[in-house]
file structure.csv (CSV, C-alpha atoms)
chain,number,residue,atom,x,y,z
A,16,MET,CA,11.7,4.7,-27.8
A,17,GLU,CA,10.3,6.9,-30.6
A,18,TYR,CA,13.0,8.7,-32.7
A,19,SER,CA,12.7,12.2,-34.0
A,20,HIS,CA,12.9,11.3,-37.6
A,21,SER,CA,12.9,8.3,-39.9
A,22,ASP,CA,16.2,6.5,-40.6
A,23,ALA,CA,16.4,8.1,-44.0
A,24,GLU,CA,15.9,11.6,-42.4
A,25,LEU,CA,18.2,10.9,-39.5
A,26,VAL,CA,21.2,10.2,-41.7
A,27,ARG,CA,20.8,13.8,-43.0
A,28,GLN,CA,20.6,15.4,-39.6
A,29,PRO,CA,23.5,17.6,-38.4
A,30,ILE,CA,26.0,15.9,-36.0
A,31,GLY,CA,26.8,19.3,-34.4
A,32,TYR,CA,23.2,19.7,-33.2
A,33,TRP,CA,22.7,16.1,-31.9
A,34,SER,CA,26.1,15.9,-30.2
A,35,TRP,CA,25.4,19.3,-28.5
A,36,ALA,CA,21.9,18.2,-27.5
A,37,ALA,CA,23.3,15.0,-26.0
A,38,TYR,CA,26.0,17.0,-24.2
A,39,ASP,CA,23.5,19.4,-22.9
A,40,ALA,CA,21.1,16.8,-21.6
A,41,VAL,CA,23.8,14.6,-19.9
A,42,VAL,CA,25.7,17.5,-18.3
A,43,THR,CA,22.6,19.3,-17.2
A,44,ARG,CA,21.3,16.1,-15.5
A,45,THR,CA,24.7,15.3,-14.0
A,46,ARG,CA,25.2,18.8,-12.6
A,47,GLY,CA,21.7,18.9,-11.2
A,48,ALA,CA,22.1,15.6,-9.4
A,49,LEU,CA,25.5,16.8,-8.0
A,50,ALA,CA,24.0,20.1,-6.9
A,51,GLY,CA,21.3,18.1,-5.0
A,52,VAL,CA,24.1,16.6,-2.8
A,53,GLY,CA,25.9,19.9,-2.4
A,54,THR,CA,28.7,19.8,-4.9
A,55,THR,CA,29.7,20.8,-8.4
A,56,GLN,CA,30.9,18.6,-11.3
A,57,PRO,CA,34.4,20.1,-11.1
A,58,GLN,CA,34.6,19.6,-7.3
A,59,TRP,CA,33.6,16.0,-7.9
A,60,TRP,CA,36.4,15.6,-10.5
A,61,VAL,CA,38.9,17.0,-8.0
A,62,LEU,CA,37.7,14.8,-5.2
A,63,ALA,CA,37.7,11.7,-7.4
A,64,GLN,CA,41.2,12.4,-8.7
A,65,VAL,CA,42.5,12.6,-5.1
A,66,ALA,CA,40.4,9.7,-3.8
A,67,LEU,CA,41.3,7.3,-6.5
A,68,ALA,CA,45.0,8.2,-6.9
A,69,GLU,CA,47.4,5.3,-6.3
A,70,GLU,CA,50.0,7.8,-5.2
A,71,VAL,CA,49.5,11.3,-3.7
A,72,LYS,CA,49.0,13.9,-6.4
A,73,THR,CA,50.0,17.5,-6.3
A,74,ARG,CA,47.7,20.4,-7.1
A,75,ALA,CA,49.5,20.9,-10.4
A,76,GLU,CA,49.1,17.2,-11.4
A,77,VAL,CA,45.3,17.3,-10.6
A,78,THR,CA,45.0,20.5,-12.5
A,79,GLU,CA,46.9,19.1,-15.5
A,80,VAL,CA,44.6,16.1,-15.8
A,81,LEU,CA,41.3,18.1,-15.3
A,82,ARG,CA,42.0,21.4,-17.2
A,83,GLY,CA,40.6,20.1,-20.4
A,84,TYR,CA,37.4,18.6,-18.9
A,85,LEU,CA,34.6,20.4,-20.6
A,86,ALA,CA,37.0,23.4,-21.2
A,87,VAL,CA,36.9,24.3,-17.5
A,88,GLY,CA,40.5,25.7,-17.5
A,89,GLY,CA,43.2,26.1,-14.9
A,90,GLN,CA,42.0,29.1,-13.0
A,91,ALA,CA,38.5,27.8,-12.4
A,92,LEU,CA,40.0,24.5,-11.3
A,93,GLY,CA,42.1,26.3,-8.8
A,94,GLU,CA,39.0,27.8,-7.3
A,95,GLU,CA,37.3,24.4,-7.2
A,96,ILE,CA,40.3,22.8,-5.5
A,97,ASP,CA,40.3,25.6,-2.9
A,98,THR,CA,36.6,24.9,-2.3
A,99,VAL,CA,37.1,21.2,-1.9
A,100,ILE,CA,39.9,22.0,0.6
A,101,ALA,CA,37.7,24.5,2.4
A,102,ARG,CA,34.9,21.9,2.7
A,103,GLY,CA,37.4,19.6,4.5
A,104,TRP,CA,37.2,16.9,1.8
A,105,ILE,CA,41.0,17.1,1.0
A,106,THR,CA,44.0,18.7,2.5
A,107,GLN,CA,47.0,20.4,0.9
A,108,ASP,CA,50.4,20.4,2.4
A,109,ALA,CA,53.3,22.9,1.9
A,110,GLY,CA,54.4,20.9,-1.1
A,111,GLU,CA,50.9,21.3,-2.6
A,112,ARG,CA,50.3,17.5,-2.3
A,113,LEU,CA,46.6,16.8,-2.0
A,114,GLU,CA,45.2,14.0,0.3
A,115,ILE,CA,41.7,12.9,1.0
A,116,THR,CA,40.3,13.3,4.5
A,117,PRO,CA,38.0,10.8,6.2
A,118,GLU,CA,35.1,13.2,5.6
A,119,GLY,CA,36.2,13.4,2.0
A,120,ARG,CA,36.3,9.7,1.6
A,121,LYS,CA,32.8,9.3,3.0
A,122,PHE,CA,31.5,12.0,0.7
A,123,HIS,CA,33.4,10.5,-2.3
A,124,ASP,CA,31.8,7.1,-1.7
A,125,GLU,CA,28.3,8.6,-1.5
A,126,VAL,CA,28.8,10.6,-4.7
A,127,ALA,CA,30.4,7.7,-6.5
A,128,ALA,CA,27.2,5.7,-5.8
A,129,LEU,CA,25.2,8.6,-7.2
A,130,GLN,CA,27.4,8.7,-10.3
A,131,GLY,CA,26.9,4.9,-10.7
A,132,GLN,CA,23.1,5.5,-10.7
A,133,LEU,CA,23.5,8.3,-13.2
A,134,TRP,CA,25.6,6.0,-15.4
A,135,ASP,CA,22.9,3.3,-15.3
A,136,GLU,CA,20.2,5.9,-16.1
A,137,ARG,CA,22.1,7.2,-19.1
A,138,HIS,CA,22.9,3.7,-20.4
A,139,ALA,CA,19.4,2.2,-20.1
A,140,GLY,CA,18.6,0.3,-23.2
A,141,ILE,CA,22.1,0.9,-24.7
A,142,SER,CA,24.3,-2.1,-25.1
A,143,ASP,CA,28.1,-1.9,-24.5
A,144,GLU,CA,28.5,-2.5,-28.2
A,145,GLU,CA,26.3,0.4,-29.1
A,146,TYR,CA,28.1,2.6,-26.6
A,147,LEU,CA,31.5,1.6,-28.0
A,148,THR,CA,30.4,2.3,-31.5
A,149,THR,CA,29.0,5.7,-30.5
A,150,LEU,CA,32.3,6.8,-28.9
A,151,LYS,CA,34.3,5.6,-31.8
A,152,VAL,CA,32.1,7.5,-34.3
A,153,LEU,CA,32.3,10.6,-32.2
A,154,GLN,CA,36.1,10.3,-32.0
A,155,ARG,CA,36.2,9.9,-35.8
A,156,PHE,CA,34.1,13.1,-36.1
A,157,ILE,CA,36.6,14.9,-33.8
A,158,HIS,CA,39.6,13.6,-35.8
A,159,ASN,CA,38.0,14.4,-39.2
A,160,THR,CA,37.4,18.0,-38.2
A,161,GLY,CA,40.9,18.5,-36.8
A,162,GLY,CA,39.7,18.7,-33.2
A,163,GLN,CA,41.3,17.2,-30.2
A,164,ALA,CA,39.7,15.4,-27.3
A,165,TRP,CA,41.2,13.4,-24.5
A,166,HIS,CA,39.8,11.8,-21.4
A,167,HIS,CA,41.8,9.8,-18.9

call {"tool": "encode", "arguments": {"input": "structure.csv", "output": "structure tokens"}}
result
Amino acid sequence: MEYSHSDAELVRQPIGYWSWAAYDAVVTRTRGALAGVGTTQPQWWVLAQVALAEEVKTRAEVTEVLRGYLAVGGQALGEEIDTVIARGWITQDAGERLEITPEGRKFHDEVAALQGQLWDERHAGISDEEYLTTLKVLQRFIHNTGGQAWHH
């Protein structure tokens, strides 16, 4: 791969720009691929939370976990949960417990395979060591600037 600048120039480049550019490229690619199979990224998050849960989760529990993901917020997540229910991928009972349907399980498995392909695409030529270092450096930037970030 050819880099944009020499090493001496890269160390003077703004992290804000490059972290944003990476975010934009990854999220745009992911959302485009998910749109191609008929879902959104937040719908996928909801489906995955329900499909992979060891115990049945309530709507409030799913919302609490996901509300900070890319600053989507509780109201938007509520709409996405409603859409996932309307599509028949999950059900919600009177106690607001969410469970996956057979159709939802099938769709989850298909999208999980796509997500695996996207992971491989993003990580091509990047070792686990490089990836780990990148995440630790980004977390230090967040800490050093007083920010907060969390991902389950």

call {"tool": "residues_around", "arguments": {"input": "structure.csv", "residues": "stretch 62-69 of chain A", "least_positions_apart": "2", "cutoff": "7 Å", "atoms": "only C-alpha atoms", "output": "PyMOL selection string"}}
result
chain A and resi 58-60+71-72+77+113-115+120+123

call {"tool": "write_last_selection", "arguments": {"input": "structure.csv", "atoms": "C-alpha atoms", "output": "compact mmCIF listing (two decimals), keeping the file's coordinate frame"}}
result
# COMPACT_ATOMS: atom_id res chain seq x y z
CA GLN A 58 34.60 19.60 -7.30
CA TRP A 59 33.60 16.00 -7.90
CA TRP A 60 36.40 15.60 -10.50
CA VAL A 71 49.50 11.30 -3.70
CA LYS A 72 49.00 13.90 -6.40
CA VAL A 77 45.30 17.30 -10.60
CA LEU A 113 46.60 16.80 -2.00
CA GLU A 114 45.20 14.00 0.30
CA ILE A 115 41.70 12.90 1.00
CA ARG A 120 36.30 9.70 1.60
CA HIS A 123 33.40 10.50 -2.30

call {"tool": "atom_distance", "arguments": {"input": "structure.csv", "atom1": "atom CA of A:Gly93", "atom2": "atom CA of A:Thr78"}}
result
7.5 Å

call {"tool": "atom_distance", "arguments": {"input": "structure.csv", "atom1": "atom CA of A:Ile96", "atom2": "atom CA of A:Val52"}}
result
17.6 Å

call {"tool": "closest_residue", "arguments": {"input": "structure.csv", "among": "A:Thr43, A:Gln107, A:Thr54, A:Thr98", "to": "A:Arg74", "atoms": "all atoms listed in the file"}}
result
A:Gln107

call {"tool": "closest_residue", "arguments": {"input": "structure.csv", "among": "A:Val99, A:Ala48, A:Ala109, A:Leu153", "to": "A:Phe122", "atoms": "all atoms listed in the file"}}
result
A:Val99

call {"tool": "atom_distance", "arguments": {"input": "structure.csv", "atom1": "atom CA of A:Gly140", "atom2": "atom CA of A:Asn159"}}
result
28.8 Å

call {"tool": "closest_residue", "arguments": {"input": "structure.csv", "among": "A:Pro57, A:Gly47, A:Gly131, A:Gly83", "to": "A:Glu95", "atoms": "all atoms listed in the file"}}
result
A:Pro57

call {"tool": "residues_around", "arguments": {"input": "structure.csv", "residues": "A:Ser19", "least_positions_apart": "4", "cutoff": "12 Å", "atoms": "only C-alpha atoms", "output": "PDB file with C-alpha atoms, keeping the file's coordinate frame"}}
result
ATOM      1  CA  ALA A  23      16.400   8.100 -44.000  1.00  0.00           C
ATOM      2  CA  GLU A  24      15.900  11.600 -42.400  1.00  0.00           C
ATOM      3  CA  LEU A  25      18.200  10.900 -39.500  1.00  0.00           C
ATOM      4  CA  VAL A  26      21.200  10.200 -41.700  1.00  0.00           C
ATOM      5  CA  GLN A  28      20.600  15.400 -39.600  1.00  0.00           C
ATOM      6  CA  TRP A  33      22.700  16.100 -31.900  1.00  0.00           C
TER       7      TRP A  33
END

call {"tool": "closest_residue", "arguments": {"input": "structure.csv", "among": "A:Val61, A:Ala91, A:Ala40, A:Val152", "to": "A:Arg137", "atoms": "all atoms listed in the file"}}
result
A:Ala40

call {"tool": "closest_residue", "arguments": {"input": "structure.csv", "among": "A:Gly88, A:Thr73, A:Trp134, A:Thr45", "to": "A:Tyr146", "atoms": "only C-alpha atoms"}}
result
A:Trp134

call {"tool": "closest_residue", "arguments": {"input": "structure.csv", "among": "A:Glu145, A:Trp104, A:Gln56, A:Lys151", "to": "A:Leu81", "atoms": "all atoms listed in the file"}}
result
A:Gln56

call {"tool": "residues_near_point", "arguments": {"input": "structure.csv", "point": "(30.7, 19.0, -37.2)", "cutoff": "12 Å", "atoms": "all atoms listed in the file", "output": "number ranges by chain"}}
result
A: 28-35, 152-162
